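Structure first, then comments.
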Amino acid sequence: MRIPFLLCLSLLCGAGAVERVPGTGTTYSVSRDPITDVNTGFVVLPEVNDRTDQTRFILRCSNYDRQELWAWMSSKFQLSSQEDADAGIKPAVTIQLGDDPPVVLSDRDLSVVLNGDETVDTTALGFSGAVVRRIVNGLNAGKRLVVRVNRPGGGQALTYTFAASGVNTAWEKVNGCAPQRPGAGSAAPGPLTVTPAPGAQAPKFTRWYFTTCREAGSGVTRTGLLAGRAHLCDLVIDTVPNGARPVRAEFRYELEYRDAARSGKITLDTTDVWPPAGGTSTALRQSGSQLIFTLPLNVRARADRVYTSLNVTATVYFSNGSSKRVYEPLPVRP
């Protein structure tokens with residue numbers, strides 16, 4: 001897990017050539033990491049009413065070195081004040097795909113986006129999780145995407161429209177954001193999906209907690225994180241087994257901080273997954289009824305800000321289609 005970041009706004013940094021789908025405004029880039037084969041491609045949709053080309057919706061196939069589908073929208077207008085953005089306060093967002101009913105997004109569907117100097121970009125907003133797959137499916141079905149943003153400070157709502165023209169072609173070109181392996185005859189399989197069985201239930205979780213964090217390289221163990229050092233931390237979940245076995249897990253993060261002016265929380269764009277993708281070192285071992293997940297965690301040390309806690313939300317998916325979520329803070333020392 002890394003500190004959140006803003007991918008290059010030019011969309012050209014480290015990417016392959018950008019191509020336009022003929023007859024549309026939709027563009028895409030086909031690229032992959034030459035070592036890990038992670039698909040680093042992306043698809044860009046321009047806002048239909050913005051003639052300055054500053055407002056765009058971008059579908060990304062990777063997050064750092066991980067295979068992860070996510071999205072972000074850049075706007076020519078501010079989406080929040082600097083004070084709200086620094087405090088992790090996000091706009092209220094509603095989306096609509098074609099004539100489908102509007103969907104009000106939860107805070108968990110959204111994330112702040114940071115510039116390269118770790119200041120919050122007040123003109124950008126990140127999207128993650130299942131809502132991104134919903135958007136992709138809608139666009140590929142030919143449904144235009146409308147995003148309405150109600151800013152935390154009030155004022156007139158901002159409404160953006162993105163046409164679906166060309167998305168089908170662009171999505172096929174980037175291999176549906178599956179790994180782009182050279183010479184492969186077909187796309188690599190995507191994340192495992194399981195149809196829930198009628199009445200399926202996840203094993204009961206009785207307790208969850210972090211035990212120790214081992215510093216990478218030195219092997220020194222701690223009960224939390226030391227800022228500026230990479231660690232492998234064990235999250236233990238005590239369960240009452242019911243025959244369902246874990247098949248996938250996702251880990252999302254938020255940072256609590258304080259500085260000279262305020263304290264607050266920032267939701268990170270990063271998602272770690274098990275089984276690992278893109279070379280990350282997430283791992284699972286089982287000891288009796290315990291699930292023990294090992295997570296690669298690293299919080300940057302900063303002179304102007306003290307991080308006090310890394311809060312982890314883990315969602316575990318089981319073989320019978322059920323899932324269960326836990327939330328556990330991990331202290332950070334400067």
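Chain labels A, B, ... are given in the sequence in which chains occur in the structure tokens; within each chain residues are numbered consecutively from 1, and ligands are likewise numbered from 1 in the order shown.
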Close residues, range 50-57 of chain A itself excluded, 9 Å, only C-alpha atoms, min 4 positions apart in chain, as a list in words: Val43, Val44, Leu45, Pro46, Ala71, Trp72, Met73, Ser74, Ser75, Lys76, Phe77, Tyr160 and Phe162 of chain A
9 Å contact set for Gln67 in chain A, only C-alpha atoms, chain neighbours under 5 positions out, as a ChimeraX atom specification: /A:38-40,61-62,177-179,277-278
Neighbour list for range 239-241 of chain A as a list of chain:residue names, cut-off 8 Å, only C-alpha atoms, skip fewer than 5 positions in-chain: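 Result of the neighbour search: A:Pro203, A:Lys204, A:Phe205, A:Thr206, A:Arg207, A:Ser289, A:Gln290, A:Leu291.
Nearest residue to Leu226 in chain A, choosing from A:Gln156, A:Thr271, A:Thr308, A:Thr169 and counting only C-alpha atoms: A:Thr308.
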Interatomic distance (Å, one decimal) between CA of Asp304 in chain A and CA of Arg258 in chain A: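 Taking CA of Asp304 in chain A and CA of Arg258 in chain A, their separation equals 9.1 Å.
Distances here use only C-alpha atoms; by that measure, the residue among A:Arg285, A:Gly129, A:Asn175, A:Ala170 closest to Phe251 in chain A is A:Gly129.
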